[in-house]
$ cat my_file-v4.cif   # mmCIF, C-alpha atoms
data_my_file
#
loop_
_atom_site.label_atom_id
_atom_site.label_comp_id
_atom_site.auth_asym_id
_atom_site.auth_seq_id
_atom_site.Cartn_x
_atom_site.Cartn_y
_atom_site.Cartn_z
CA MET N 1283 -13.51 16.26 -125.05
CA LYS N 1284 -11.27 14.80 -122.36
CA ILE N 1285 -10.38 17.25 -119.62
CA LYS N 1286 -6.62 16.84 -120.03
CA TYR N 1287 -6.83 17.60 -123.73
CA LEU N 1288 -8.91 20.70 -123.05
CA ALA N 1289 -6.35 21.90 -120.51
CA MET N 1290 -3.50 21.28 -122.98
CA MET N 1291 -5.42 23.13 -125.69
CA LEU N 1292 -5.94 26.13 -123.42
CA LEU N 1293 -2.26 26.15 -122.52
CA GLY N 1294 -1.40 25.96 -126.21
CA ILE N 1295 -3.69 28.86 -126.99
CA SER N 1296 -2.13 30.81 -124.14
CA SER N 1297 1.37 30.13 -125.50
CA SER N 1298 0.39 31.12 -129.06
CA LEU N 1299 -1.29 34.29 -127.90
CA ALA N 1300 1.75 35.14 -125.81
CA SER N 1301 4.06 34.79 -128.84
CA ALA N 1302 1.82 36.97 -131.00
CA ASN N 1303 1.46 39.57 -128.31
CA GLU N 1304 5.23 39.77 -127.74
CA ILE N 1305 5.66 40.81 -131.35
CA THR N 1306 2.89 43.41 -131.34
CA ASN N 1307 2.95 44.79 -127.80
CA ASN N 1308 5.65 43.61 -125.41
CA SER N 1309 4.48 45.91 -122.62
CA VAL N 1310 1.18 44.00 -122.34
CA LEU N 1311 3.10 40.78 -121.69
CA ASP N 1312 5.33 42.44 -119.12
CA ASP N 1313 2.41 43.94 -117.22
CA LEU N 1314 -0.24 41.24 -117.40
CA PHE N 1315 1.58 37.91 -117.68
CA PHE N 1316 5.21 37.80 -116.53
CA LYS N 1317 5.15 40.78 -114.19
CA ASN N 1318 2.22 39.33 -112.22
CA SER N 1319 3.65 35.79 -112.13
CA LYS N 1320 4.71 34.29 -108.79
CA PHE N 1321 7.19 31.48 -108.17
CA GLU N 1322 7.32 30.06 -104.65
CA PHE N 1323 9.50 27.38 -103.06
CA SER N 1324 8.35 25.86 -99.77
CA THR N 1325 9.31 22.99 -97.50
CA ARG N 1326 7.39 20.96 -94.94
CA ASN N 1327 8.68 18.46 -92.38
CA HIS N 1328 5.79 16.41 -91.00
CA TRP N 1329 5.75 13.66 -88.36
CA LYS N 1330 2.61 11.89 -87.10
CA TYR N 1331 2.32 9.29 -84.34
CA LEU N 1332 -0.55 7.25 -82.90
CA LYS N 1333 -0.63 4.37 -80.43
CA GLU N 1334 -4.01 2.62 -80.12
CA ASN N 1335 -5.69 -0.77 -79.66
CA ALA N 1336 -9.32 -0.18 -80.64
CA SER N 1337 -9.68 -3.02 -83.17
CA GLN N 1338 -6.47 -5.00 -82.62
CA PRO N 1339 -3.62 -5.52 -80.14
CA LYS N 1340 -1.75 -2.35 -79.27
CA GLU N 1341 -0.07 -0.92 -82.37
CA VAL N 1342 1.96 2.15 -83.28
CA HIS N 1343 1.05 4.10 -86.43
CA SER N 1344 3.90 6.46 -87.29
CA ALA N 1345 5.25 8.20 -90.39
CA TRP N 1346 7.80 10.96 -90.98
CA GLY N 1347 8.58 12.76 -94.22
CA GLN N 1348 9.97 15.87 -95.85
CA VAL N 1349 8.53 17.60 -98.91
CA PHE N 1350 9.96 20.23 -101.26
CA THR N 1351 7.34 22.15 -103.23
CA PHE N 1352 7.69 24.43 -106.26
CA ASP N 1353 4.60 26.48 -107.04
CA LEU N 1354 4.34 28.62 -110.20
CA LYS N 1355 1.35 30.93 -110.63
CA SER N 1356 1.33 32.89 -113.86
CA GLY N 1357 -0.26 36.25 -114.46
CA TYR N 1358 -3.11 36.56 -116.96
CA LEU N 1359 -2.43 37.03 -120.66
CA PHE N 1360 -4.75 39.78 -121.96
CA ASN N 1361 -5.94 39.86 -118.33
CA THR N 1362 -7.89 36.67 -119.15
CA ILE N 1363 -5.90 33.41 -119.51
CA GLY N 1364 -3.10 31.90 -117.42
CA PHE N 1365 -1.81 28.66 -115.93
CA ASP N 1366 -0.53 27.31 -112.60
CA ILE N 1367 1.80 24.38 -111.86
CA THR N 1368 2.70 22.77 -108.51
CA TYR N 1369 5.47 20.17 -108.18
CA ASP N 1370 6.03 18.14 -104.97
CA ASN N 1371 8.95 15.89 -104.06
CA VAL N 1372 8.48 13.80 -100.89
CA ILE N 1373 11.34 12.09 -99.05
CA LYS N 1374 10.74 9.31 -96.53
CA LEU N 1375 12.48 9.94 -93.20
CA GLY N 1376 10.92 7.18 -91.11
CA ALA N 1377 7.99 4.79 -90.79
CA SER N 1378 6.53 2.07 -88.55
CA ASP N 1379 4.16 -0.72 -89.45
CA TYR N 1380 0.67 0.74 -90.04
CA PHE N 1381 2.36 3.90 -91.33
CA ALA N 1382 -0.18 4.19 -94.16
CA THR N 1383 -2.98 5.30 -91.82
CA ARG N 1384 -1.09 8.60 -91.31
CA ASN N 1385 -1.43 9.49 -95.04
CA LEU N 1386 2.10 10.89 -95.38
CA LEU N 1387 4.09 8.28 -97.34
CA TYR N 1388 3.34 6.07 -100.34
CA ASN N 1389 2.37 2.49 -99.49
CA ASP N 1390 3.98 0.32 -102.18
CA GLY N 1391 2.29 -2.88 -101.07
CA LYS N 1392 -0.95 -4.47 -99.91
CA SER N 1393 -0.04 -4.63 -96.22
CA TYR N 1394 0.99 -2.00 -93.69
CA ASN N 1395 4.57 -3.32 -93.38
CA LYS N 1396 7.01 -0.45 -92.78
CA HIS N 1397 9.26 -1.69 -95.61
CA HIS N 1398 6.54 -0.68 -98.07
CA ALA N 1399 6.85 3.00 -97.09
CA HIS N 1400 8.37 5.21 -99.80
CA GLY N 1401 8.68 8.81 -100.86
CA PHE N 1402 7.28 10.02 -104.18
CA ASN N 1403 7.15 12.99 -106.52
CA LYS N 1404 4.35 14.38 -108.64
CA ILE N 1405 3.03 17.38 -110.49
CA THR N 1406 0.21 17.95 -108.04
CA GLN N 1407 -1.44 20.79 -109.94
CA ARG N 1408 -1.37 21.67 -113.63
CA TYR N 1409 -4.30 23.65 -114.90
CA ALA N 1410 -5.38 26.46 -117.19
CA LYS N 1411 -7.23 29.35 -115.58
CA ILE N 1412 -9.48 32.07 -116.92
CA LYS N 1413 -10.96 35.21 -115.45
CA LEU N 1414 -13.61 37.55 -116.83
CA GLY N 1415 -15.48 40.59 -115.57
CA ASN N 1416 -14.80 43.44 -113.16
CA ASP N 1417 -14.88 44.17 -109.42
CA VAL N 1418 -18.68 44.00 -109.25
CA ILE N 1419 -19.35 40.87 -111.33
CA ASN N 1420 -16.64 38.40 -112.34
CA PHE N 1421 -15.94 34.77 -113.16
CA ASN N 1422 -12.88 32.66 -112.31
CA GLY N 1423 -12.52 29.16 -113.75
CA LYS N 1424 -10.00 26.29 -113.82
CA ALA N 1425 -9.57 23.20 -116.02
CA GLY N 1426 -7.11 20.39 -115.30
CA TRP N 1427 -5.53 18.97 -112.14
CA HIS N 1428 -6.19 21.31 -109.23
CA SER N 1429 -6.98 21.35 -105.52
CA LEU N 1430 -10.43 22.34 -104.28
CA LYS N 1431 -10.50 23.56 -100.68
CA ASP N 1432 -14.08 23.76 -99.32
CA PHE N 1433 -15.52 24.07 -102.82
CA GLY N 1434 -19.15 22.98 -102.76
CA VAL N 1435 -19.21 19.59 -101.02
CA ILE N 1436 -15.62 18.84 -102.10
CA SER N 1437 -12.40 19.69 -100.29
CA SER N 1438 -8.65 19.09 -100.40
CA SER N 1439 -6.60 18.48 -97.28
CA LYS N 1440 -2.85 18.75 -96.83
CA HIS N 1441 -0.36 16.62 -94.95
CA LEU N 1442 2.96 16.54 -96.83
CA THR N 1443 1.14 17.34 -100.07
CA ARG N 1444 -2.39 18.45 -100.86
CA ASN N 1445 -4.61 16.08 -102.85
CA SER N 1446 -5.80 17.34 -106.23
CA TYR N 1447 -8.57 16.45 -108.68
CA LEU N 1448 -8.95 16.24 -112.44
CA GLY N 1449 -11.87 18.30 -113.67
CA TYR N 1450 -13.43 21.73 -114.01
CA SER N 1451 -14.40 24.35 -111.47
CA GLY N 1452 -15.65 27.93 -111.59
CA ILE N 1453 -16.93 30.73 -109.37
CA LEU N 1454 -19.30 33.48 -110.52
CA LYS N 1455 -19.33 36.42 -108.11
CA TYR N 1456 -21.81 39.28 -108.08
CA ASP N 1457 -21.34 41.80 -105.27
CA ASN N 1458 -21.55 39.63 -102.08
CA VAL N 1459 -23.16 36.62 -103.75
CA TYR N 1460 -21.09 33.64 -104.98
CA PHE N 1461 -22.24 30.79 -107.24
CA SER N 1462 -19.82 27.87 -107.73
CA LEU N 1463 -19.80 24.72 -109.87
CA ALA N 1464 -17.34 21.82 -110.09
CA TYR N 1465 -17.05 18.47 -111.85
CA ILE N 1466 -14.24 15.99 -111.07
CA ASP N 1467 -13.61 12.37 -112.10
CA SER N 1468 -10.31 11.25 -110.51
CA THR N 1469 -7.72 12.23 -107.91
CA LEU N 1470 -4.04 12.37 -106.98
CA PRO N 1471 -4.12 11.50 -103.25
CA ARG N 1472 -2.06 13.49 -100.75
CA GLU N 1473 0.07 10.39 -99.98
CA SER N 1474 0.68 9.21 -103.54
CA ALA N 1475 1.59 10.17 -107.11
CA LYS N 1476 -0.75 7.53 -108.52
CA LYS N 1477 -3.92 8.64 -110.30
CA LEU N 1478 -6.95 6.96 -108.70
CA HIS N 1479 -10.66 6.73 -109.43
CA PHE N 1480 -13.27 7.33 -106.76
CA LEU N 1481 -14.62 4.06 -105.31
CA THR N 1482 -17.53 2.85 -103.21
CA ALA N 1483 -16.75 1.88 -99.60
CA ASP N 1484 -16.46 -1.80 -100.53
CA ARG N 1485 -14.11 -0.86 -103.42
CA LYS N 1486 -16.21 -2.94 -105.85
CA LYS N 1487 -17.59 -0.12 -108.01
CA VAL N 1488 -16.12 3.02 -109.52
CA ILE N 1489 -17.81 6.34 -108.82
CA ASP N 1490 -17.61 7.87 -112.29
CA ASN N 1491 -17.67 11.47 -111.15
CA ILE N 1492 -18.56 13.93 -108.41
CA SER N 1493 -20.40 17.13 -109.25
CA THR N 1494 -21.30 19.98 -106.93
CA ALA N 1495 -22.97 23.40 -106.86
CA GLU N 1496 -22.75 26.07 -104.19
CA ILE N 1497 -24.44 29.39 -103.49
CA ALA N 1498 -23.19 31.72 -100.77
CA TYR N 1499 -23.63 35.20 -99.37
CA LYS N 1500 -20.65 36.76 -97.59
CA ASP N 1501 -20.06 40.15 -95.99
CA LYS N 1502 -18.08 41.40 -92.97
CA GLU N 1503 -20.66 40.17 -90.48
CA LEU N 1504 -22.60 37.31 -92.09
CA THR N 1505 -21.84 34.19 -94.14
CA VAL N 1506 -24.62 31.91 -95.38
CA ASP N 1507 -23.42 29.01 -97.52
CA TYR N 1508 -25.38 26.10 -99.06
CA SER N 1509 -23.82 23.34 -101.17
CA TYR N 1510 -25.28 20.34 -102.93
CA GLY N 1511 -23.33 17.51 -104.51
CA VAL N 1512 -23.64 14.03 -105.99
CA ALA N 1513 -21.16 11.17 -106.09
CA LYS N 1514 -22.74 9.53 -109.12
CA ASP N 1515 -25.05 6.62 -108.23
CA TYR N 1516 -23.56 6.48 -104.72
CA LEU N 1517 -24.37 9.43 -102.42
CA ARG N 1518 -26.15 12.79 -102.38
CA ARG N 1519 -24.70 15.39 -100.04
CA HIS N 1520 -26.04 18.60 -98.49
CA VAL N 1521 -23.84 21.13 -96.67
CA ILE N 1522 -25.02 24.25 -94.83
CA GLU N 1523 -22.50 26.50 -93.08
CA LEU N 1524 -23.37 29.70 -91.22
CA SER N 1525 -21.28 32.37 -89.51
CA TYR N 1526 -22.43 35.58 -87.82
CA LYS N 1527 -20.29 38.26 -86.18
CA PRO N 1528 -22.59 40.46 -84.07
CA MET N 1529 -19.58 42.26 -82.56
CA GLN N 1530 -15.86 42.44 -83.27
CA LYS N 1531 -14.80 39.80 -80.73
CA LEU N 1532 -17.72 37.39 -81.01
CA ILE N 1533 -18.40 34.82 -83.77
CA LEU N 1534 -21.40 32.48 -83.86
CA GLY N 1535 -21.27 29.47 -86.17
CA GLY N 1536 -23.32 26.54 -87.37
CA GLN N 1537 -22.64 23.56 -89.63
CA PHE N 1538 -25.09 20.96 -90.98
CA TYR N 1539 -24.00 18.02 -93.13
CA GLY N 1540 -26.26 15.37 -94.65
CA SER N 1541 -25.78 12.26 -96.82
CA TYR N 1542 -28.45 10.25 -98.67
CA ALA N 1543 -27.90 6.78 -100.13
CA LEU N 1544 -28.20 6.08 -103.86
CA ASP N 1545 -28.31 2.77 -105.78
CA ASN N 1546 -24.66 1.69 -105.56
CA TYR N 1547 -24.57 2.50 -101.85
CA ASN N 1548 -27.72 0.47 -101.18
CA ALA N 1549 -26.25 -2.46 -103.14
CA MET N 1550 -23.31 -2.86 -100.73
CA LYS N 1551 -23.27 -5.46 -97.99
CA GLN N 1552 -24.51 -4.31 -94.61
CA ASN N 1553 -21.09 -4.46 -92.95
CA LYS N 1554 -19.67 -2.01 -95.50
CA LYS N 1555 -22.30 0.65 -94.98
CA GLU N 1556 -21.80 3.58 -92.62
CA PHE N 1557 -25.57 4.14 -92.20
CA GLU N 1558 -28.86 2.85 -93.59
CA ASP N 1559 -30.66 5.45 -95.73
CA HIS N 1560 -29.33 8.80 -94.58
CA ALA N 1561 -27.05 10.43 -92.02
CA TRP N 1562 -26.88 13.98 -90.62
CA HIS N 1563 -24.37 15.79 -88.43
CA TYR N 1564 -25.50 18.98 -86.68
CA ALA N 1565 -23.07 21.38 -85.01
CA THR N 1566 -22.99 24.86 -83.53
CA ASP N 1567 -20.21 26.89 -81.94
CA VAL N 1568 -19.40 30.22 -80.33
CA GLU N 1569 -15.97 31.90 -80.35
CA TRP N 1570 -14.58 34.85 -78.41
CA LYS N 1571 -11.32 36.47 -79.60
CA GLU N 1572 -9.04 38.86 -77.73
CA ASP N 1573 -5.67 40.17 -78.94
CA ASP N 1574 -3.68 37.53 -77.06
CA TRP N 1575 -6.20 34.78 -76.26
CA SER N 1576 -9.28 33.07 -77.65
CA VAL N 1577 -11.80 30.42 -76.67
CA LYS N 1578 -14.18 28.44 -78.87
CA VAL N 1579 -16.88 26.05 -77.63
CA GLY N 1580 -18.94 23.74 -79.84
CA LEU N 1581 -21.79 21.28 -79.44
CA ALA N 1582 -22.61 18.60 -82.02
CA TYR N 1583 -24.99 15.67 -82.55
CA THR N 1584 -25.11 12.91 -85.19
CA ASP N 1585 -28.10 10.98 -86.55
CA ALA N 1586 -26.86 7.97 -88.56
CA ASN N 1587 -29.04 4.94 -87.89
CA LYS N 1588 -27.76 1.46 -88.81
CA HIS N 1589 -29.56 -1.81 -88.07
CA ASN N 1590 -28.04 -3.80 -85.17
CA ALA N 1591 -24.83 -1.76 -85.28
CA ILE N 1592 -23.42 1.70 -84.66
CA GLY N 1593 -23.67 3.87 -87.75
CA TYR N 1594 -21.78 7.09 -88.35
CA TYR N 1595 -21.62 10.09 -90.65
CA ASN N 1596 -18.72 9.66 -93.07
CA ARG N 1597 -17.19 13.04 -93.90
CA HIS N 1598 -16.08 11.80 -97.33
CA LEU N 1599 -17.97 10.74 -100.45
CA GLY N 1600 -16.33 7.36 -100.97
CA LYS N 1601 -12.82 5.98 -101.16
CA ASN N 1602 -10.14 8.36 -102.50
CA THR N 1603 -12.25 11.46 -101.89
CA ARG N 1604 -11.99 14.35 -99.43
CA ALA N 1605 -15.22 16.18 -98.62
CA ARG N 1606 -16.03 19.48 -96.97
CA PHE N 1607 -16.31 19.36 -93.19
CA ASN N 1608 -15.63 22.28 -90.83
CA GLY N 1609 -17.28 21.06 -87.65
CA LEU N 1610 -15.11 21.06 -84.52
CA ALA N 1611 -15.82 17.46 -83.54
CA ALA N 1612 -14.03 15.20 -86.00
CA ALA N 1613 -11.13 12.77 -85.68
CA GLY N 1614 -11.54 9.97 -88.20
CA ALA N 1615 -14.98 8.56 -87.46
CA ASP N 1616 -14.80 9.56 -83.78
CA TYR N 1617 -17.50 11.96 -82.55
CA LEU N 1618 -19.62 11.28 -85.65
CA ARG N 1619 -21.41 8.13 -84.41
CA ASP N 1620 -25.16 7.64 -84.34
CA GLY N 1621 -26.75 9.28 -81.30
CA GLU N 1622 -23.44 10.77 -80.15
CA LEU N 1623 -23.52 14.13 -78.39
CA VAL N 1624 -20.16 15.91 -78.35
CA LEU N 1625 -18.80 18.93 -76.48
CA THR N 1626 -15.64 20.52 -77.91
CA THR N 1627 -13.47 23.29 -76.49
CA VAL N 1628 -10.46 25.02 -78.05
CA MET N 1629 -8.51 27.54 -75.94
CA SER N 1630 -5.29 29.37 -76.81
CA TYR N 1631 -3.11 32.04 -75.21
CA ASP N 1632 -0.12 33.98 -76.54
CA PHE N 1633 2.39 33.82 -73.68
CA VAL N 1634 4.93 35.51 -75.95
CA LYS N 1635 4.55 37.40 -79.23
CA ASP N 1636 3.84 35.23 -82.31
CA ASN N 1637 3.48 32.08 -80.19
CA SER N 1638 0.13 30.49 -79.29
CA THR N 1639 -0.22 27.69 -76.76
CA GLY N 1640 -3.50 25.98 -76.13
CA LEU N 1641 -5.76 23.04 -75.37
CA TYR N 1642 -8.11 21.18 -77.71
CA MET N 1643 -10.62 18.93 -75.91
CA ASN N 1644 -13.45 16.64 -77.02
CA TYR N 1645 -15.93 14.75 -74.89
CA GLY N 1646 -18.62 12.55 -76.44
CA GLN N 1647 -21.13 9.97 -75.28
CA PHE N 1648 -23.82 7.72 -76.77
CA ASN N 1649 -25.85 4.65 -75.79
CA TYR N 1650 -25.51 1.08 -77.06
CA LYS N 1651 -27.21 -2.01 -75.57
CA HIS N 1652 -27.60 -0.56 -72.07
CA ASN N 1653 -24.07 0.88 -72.16
CA LYS N 1654 -23.36 4.61 -72.00
CA LEU N 1655 -20.12 4.85 -73.94
CA LYS N 1656 -17.88 7.81 -73.12
CA ASN N 1657 -14.93 8.86 -75.22
CA GLY N 1658 -12.78 11.92 -75.61
CA GLU N 1659 -9.33 13.43 -75.88
CA ILE N 1660 -7.16 16.21 -74.49
CA ASN N 1661 -4.53 17.73 -76.77
CA LEU N 1662 -1.87 20.29 -75.89
CA PHE N 1663 -0.63 22.31 -78.89
CA ASP N 1664 1.84 25.09 -79.61
CA ILE N 1665 2.14 27.22 -82.77
CA TRP N 1666 5.08 29.53 -83.39
CA LYS N 1667 4.60 31.77 -86.45
CA PRO N 1668 6.83 34.88 -86.55
CA THR N 1669 5.26 37.90 -88.26
CA SER N 1670 8.52 39.79 -88.85
CA GLY N 1671 12.26 39.30 -89.06
CA VAL N 1672 14.31 36.61 -90.76
CA PHE N 1673 11.87 33.83 -89.70
CA LYS N 1674 8.65 35.53 -90.84
CA ASN N 1675 7.97 32.76 -93.40
CA LEU N 1676 8.50 29.99 -90.82
CA SER N 1677 5.82 28.21 -88.79
CA ILE N 1678 6.19 25.36 -86.31
CA LEU N 1679 3.25 23.39 -84.95
CA SER N 1680 3.57 20.69 -82.31
CA LYS N 1681 0.94 18.81 -80.35
CA VAL N 1682 0.55 15.81 -78.08
CA GLY N 1683 -2.63 14.25 -76.81
CA TYR N 1684 -4.19 11.49 -74.74
CA GLY N 1685 -7.55 9.95 -75.64
CA TRP N 1686 -9.95 7.32 -74.38
CA SER N 1687 -12.38 5.33 -76.48
CA TYR N 1688 -13.61 1.72 -76.73
CA LYS N 1689 -12.73 -1.52 -78.49
CA THR N 1690 -14.56 -2.02 -81.78
CA VAL N 1691 -15.67 -5.07 -83.76
CA SER N 1692 -13.17 -4.23 -86.54
CA ALA N 1693 -11.33 -1.29 -88.06
CA SER N 1694 -14.26 -0.63 -90.42
CA ASP N 1695 -17.09 -1.45 -87.98
CA LEU N 1696 -17.38 1.05 -85.12
CA THR N 1697 -19.82 -1.12 -83.18
CA PRO N 1698 -18.53 -1.71 -79.61
CA LYS N 1699 -17.03 -5.12 -78.90
CA LEU N 1700 -18.82 -6.13 -75.71
CA ARG N 1701 -17.45 -8.43 -73.02
CA HIS N 1702 -20.03 -9.84 -70.62
CA GLY N 1703 -22.38 -7.17 -71.93
CA LYS N 1704 -19.99 -4.31 -71.12
CA TYR N 1705 -17.86 -2.19 -73.41
CA GLN N 1706 -14.06 -2.21 -73.08
CA ARG N 1707 -11.96 0.91 -72.73
CA SER N 1708 -9.29 1.69 -75.35
CA PRO N 1709 -6.73 4.45 -74.63
CA THR N 1710 -4.80 6.32 -77.31
CA LEU N 1711 -1.66 8.45 -77.38
CA SER N 1712 -0.96 10.78 -80.31
CA ALA N 1713 1.64 13.36 -81.31
CA GLU N 1714 2.43 15.50 -84.35
CA THR N 1715 4.92 18.11 -85.54
CA ILE N 1716 4.81 20.28 -88.68
CA ILE N 1717 7.60 22.64 -89.72
CA ASP N 1718 6.87 24.90 -92.72
CA TYR N 1719 9.13 27.39 -94.47
CA ARG N 1720 8.36 29.41 -97.57
CA PHE N 1721 10.65 31.24 -100.01
CA ASN N 1722 9.39 33.70 -102.61
CA LEU N 1723 11.62 33.18 -105.65
CA LEU N 1724 9.71 35.51 -108.01
#

$ encode --input "my_file-v4.cif" --output "structure tokens"
Amino acid sequence: MKIKYLAMMLLGISSSLASANEITNNSVLDDLFFKNSKFEFSTRNHWKYLKENASQPKEVHSAWGQVFTFDLKSGYLFNTIGFDITYDNVIKLGASDYFATRNLLYNDGKSYNKHHAHGFNKITQRYAKIKLGNDVINFNGKAGWHSLKDFGVISSSKHLTRNSYLGYSGILKYDNVYFSLAYIDSTLPRESAKKLHFLTADRKKVIDNISTAEIAYKDKELTVDYSYGVAKDYLRRHVIELSYKPMQKLILGGQFYGSYALDNYNAMKQNKKEFEDHAWHYATDVEWKEDDWSVKVGLAYTDANKHNAIGYYNRHLGKNTRARFNGLAAAGADYLRDGELVLTTVMSYDFVKDNSTGLYMNYGQFNYKHNKLKNGEINLFDIWKPTSGVFKNLSILSKVGYGWSYKTVSASDLTPKLRHGKYQRSPTLSAETIIDYRFNLL
């Protein structure tokens, strides 16, 4: 049965049961369905800016938008069945050419002309949910359009809106052990209201579905998480994430991500591939937290061989997908190139209450045809998030950064463009602001 029809059927059952229950026992409805429902209204103003010339003459990539979000989360009828709905309305405030690379506004055209930038609206999430069990062993499941944040090998990221997927997902929990499954076959991207299928990197074949399974152990000190997933006939993915807290202020972490090629990946032309047969990204980090400051340092390395070119580990599982990745060193394909060793540092300090100011820095290097290529970035950020008072539901993030990289063969080929056997430097300037406010209406 089609997923959307199953979701509609579950919602219909929920509605019928609610009507019957209202007649026989109104207090059950009040306590378990309406009384536990939540209705939230939130806004986000988001501006992103990038100036770069890696694969072309110097260009500005900029987009600015405002979103209004209504999020309804029902309680559970008979403490078992419910539904959630999220509606987003995005308004365009500004755009440059190449705006579409910022993933904020809808591109109503085949080029990156700024006149193709538009706002949009969509029902981002609409799904039936079910829960069974007790505090020791329980199951929570969803069917329909829903977001999946770090669920198996899948994830959802948010700019103005969060992308969502059509499919099923469920988590079975026993004590400190979690077992998760998900199956999805299409997406609503974060920058569009248009339903899209998953595609191979060359956009010539549809990836029919993505399925994933995850098993994890979590307690106050230790997290061990392994996920396996398959983008049908295209890629197999492994994800291992570890976290250990030997003392209150110290956290040790590790992340390992691997991709293996399947038939439809191998069938693509060489210039469309990110790697040959497989690619792995290995990362580890250590974090120290005080009440008013913190520092986190990470080291990462990528193995992604590609014949006569620079390969890289692609975080995602094809076009129109978002995949799980929690390593520190990631900015597009930067810091994920074959043979690249990366050092990352994140430092923050609370000069005043509820306000954190800090630095985020990356430095990476790798070898190519007798060149040692060095690239990196330095970002200054500030986060104001009041914990009390009239602005306690407000948060403001702002950051600005300078980076240095190298000129590439093309936007899709990260191989250095050499001149007289030497690589060419390519500076970047970036900036971003995000203003969030949330209202609890119910």

$ residues_around --input "my_file-v4.cif" --residues "Lys1486 in chain N" --least-positions-apart "4" --cutoff "10 Å" --atoms "only C-alpha atoms" --output "ChimeraX atom specification"
/N:1481-1482,1546,1550

$ resolve_selection --input "my_file-v4.cif" --expression "the PyMOL selection byres ((chain N and resi 1593-1600) around 6)" --output "count of residues only"
17

$ resolve_selection --input "my_file-v4.cif" --expression "the PyMOL selection byres ((chain N and resi 1515-1530) around 7)" --output "JSON list (two decimals) with C-alpha atoms, keeping the file's coordinate frame"
[["chain", "number", "residue", "atom", "x", "y", "z"],
["N", 1435, "VAL", "CA", -19.21, 19.59, -101.02],
["N", 1503, "GLU", "CA", -20.66, 40.17, -90.48],
["N", 1504, "LEU", "CA", -22.60, 37.31, -92.09],
["N", 1505, "THR", "CA", -21.84, 34.19, -94.14],
["N", 1506, "VAL", "CA", -24.62, 31.91, -95.38],
["N", 1507, "ASP", "CA", -23.42, 29.01, -97.52],
["N", 1508, "TYR", "CA", -25.38, 26.10, -99.06],
["N", 1509, "SER", "CA", -23.82, 23.34, -101.17],
["N", 1510, "TYR", "CA", -25.28, 20.34, -102.93],
["N", 1511, "GLY", "CA", -23.33, 17.51, -104.51],
["N", 1512, "VAL", "CA", -23.64, 14.03, -105.99],
["N", 1513, "ALA", "CA", -21.16, 11.17, -106.09],
["N", 1514, "LYS", "CA", -22.74, 9.53, -109.12],
["N", 1531, "LYS", "CA", -14.80, 39.80, -80.73],
["N", 1532, "LEU", "CA", -17.72, 37.39, -81.01],
["N", 1533, "ILE", "CA", -18.40, 34.82, -83.77],
["N", 1534, "LEU", "CA", -21.40, 32.48, -83.86],
["N", 1535, "GLY", "CA", -21.27, 29.47, -86.17],
["N", 1536, "GLY", "CA", -23.32, 26.54, -87.37],
["N", 1537, "GLN", "CA", -22.64, 23.56, -89.63],
["N", 1538, "PHE", "CA", -25.09, 20.96, -90.98],
["N", 1539, "TYR", "CA", -24.00, 18.02, -93.13],
["N", 1540, "GLY", "CA", -26.26, 15.37, -94.65],
["N", 1541, "SER", "CA", -25.78, 12.26, -96.82],
["N", 1542, "TYR", "CA", -28.45, 10.25, -98.67],
["N", 1543, "ALA", "CA", -27.90, 6.78, -100.13],
["N", 1544, "LEU", "CA", -28.20, 6.08, -103.86],
["N", 1545, "ASP", "CA", -28.31, 2.77, -105.78],
["N", 1546, "ASN", "CA", -24.66, 1.69, -105.56],
["N", 1547, "TYR", "CA", -24.57, 2.50, -101.85],
["N", 1599, "LEU", "CA", -17.97, 10.74, -100.45]]

$ residues_around --input "my_file-v4.cif" --residues "range 1321-1332 of chain N" --least-positions-apart "6" --cutoff "8 Å" --atoms "only C-alpha atoms" --output "PyMOL selection string"
chain N and resi 1342-1355+1384+1386+1441-1442+1710-1724

$ atom_distance --input "my_file-v4.cif" --atom1 "CA of Gly1449 in chain N" --atom2 "CA of Trp1427 in chain N"
6.6 Å

$ resolve_selection --input "my_file-v4.cif" --expression "the PyMOL selection byres ((chain N and resi 1459) around 9)" --output "list of chain:residue names"
N:Leu1454, N:Lys1455, N:Tyr1456, N:Asp1457, N:Asn1458, N:Tyr1460, N:Phe1461, N:Ile1497, N:Ala1498, N:Tyr1499, N:Lys1500

$ residues_around --input "my_file-v4.cif" --residues "range 1656-1669 of chain N" --least-positions-apart "5" --cutoff "7 Å" --atoms "only C-alpha atoms" --output "short mmCIF file (atom, residue, chain, number, x, y, z; two decimals) with C-alpha atoms, in the frame of the given file"
data_model
loop_
_atom_site.label_atom_id
_atom_site.label_comp_id
_atom_site.auth_asym_id
_atom_site.auth_seq_id
_atom_site.Cartn_x
_atom_site.Cartn_y
_atom_site.Cartn_z
CA ASP N 1636 3.84 35.23 -82.31
CA ASN N 1637 3.48 32.08 -80.19
CA SER N 1638 0.13 30.49 -79.29
CA THR N 1639 -0.22 27.69 -76.76
CA GLY N 1640 -3.50 25.98 -76.13
CA LEU N 1641 -5.76 23.04 -75.37
CA TYR N 1642 -8.11 21.18 -77.71
CA MET N 1643 -10.62 18.93 -75.91
CA ASN N 1644 -13.45 16.64 -77.02
CA TYR N 1645 -15.93 14.75 -74.89
CA GLY N 1646 -18.62 12.55 -76.44
CA GLN N 1647 -21.13 9.97 -75.28
CA PHE N 1648 -23.82 7.72 -76.77
CA LYS N 1674 8.65 35.53 -90.84
CA LEU N 1676 8.50 29.99 -90.82
CA SER N 1677 5.82 28.21 -88.79
CA ILE N 1678 6.19 25.36 -86.31
CA LEU N 1679 3.25 23.39 -84.95
CA SER N 1680 3.57 20.69 -82.31
CA LYS N 1681 0.94 18.81 -80.35
CA VAL N 1682 0.55 15.81 -78.08
CA GLY N 1683 -2.63 14.25 -76.81
CA TYR N 1684 -4.19 11.49 -74.74
CA GLY N 1685 -7.55 9.95 -75.64
CA TRP N 1686 -9.95 7.32 -74.38
CA SER N 1687 -12.38 5.33 -76.48
#
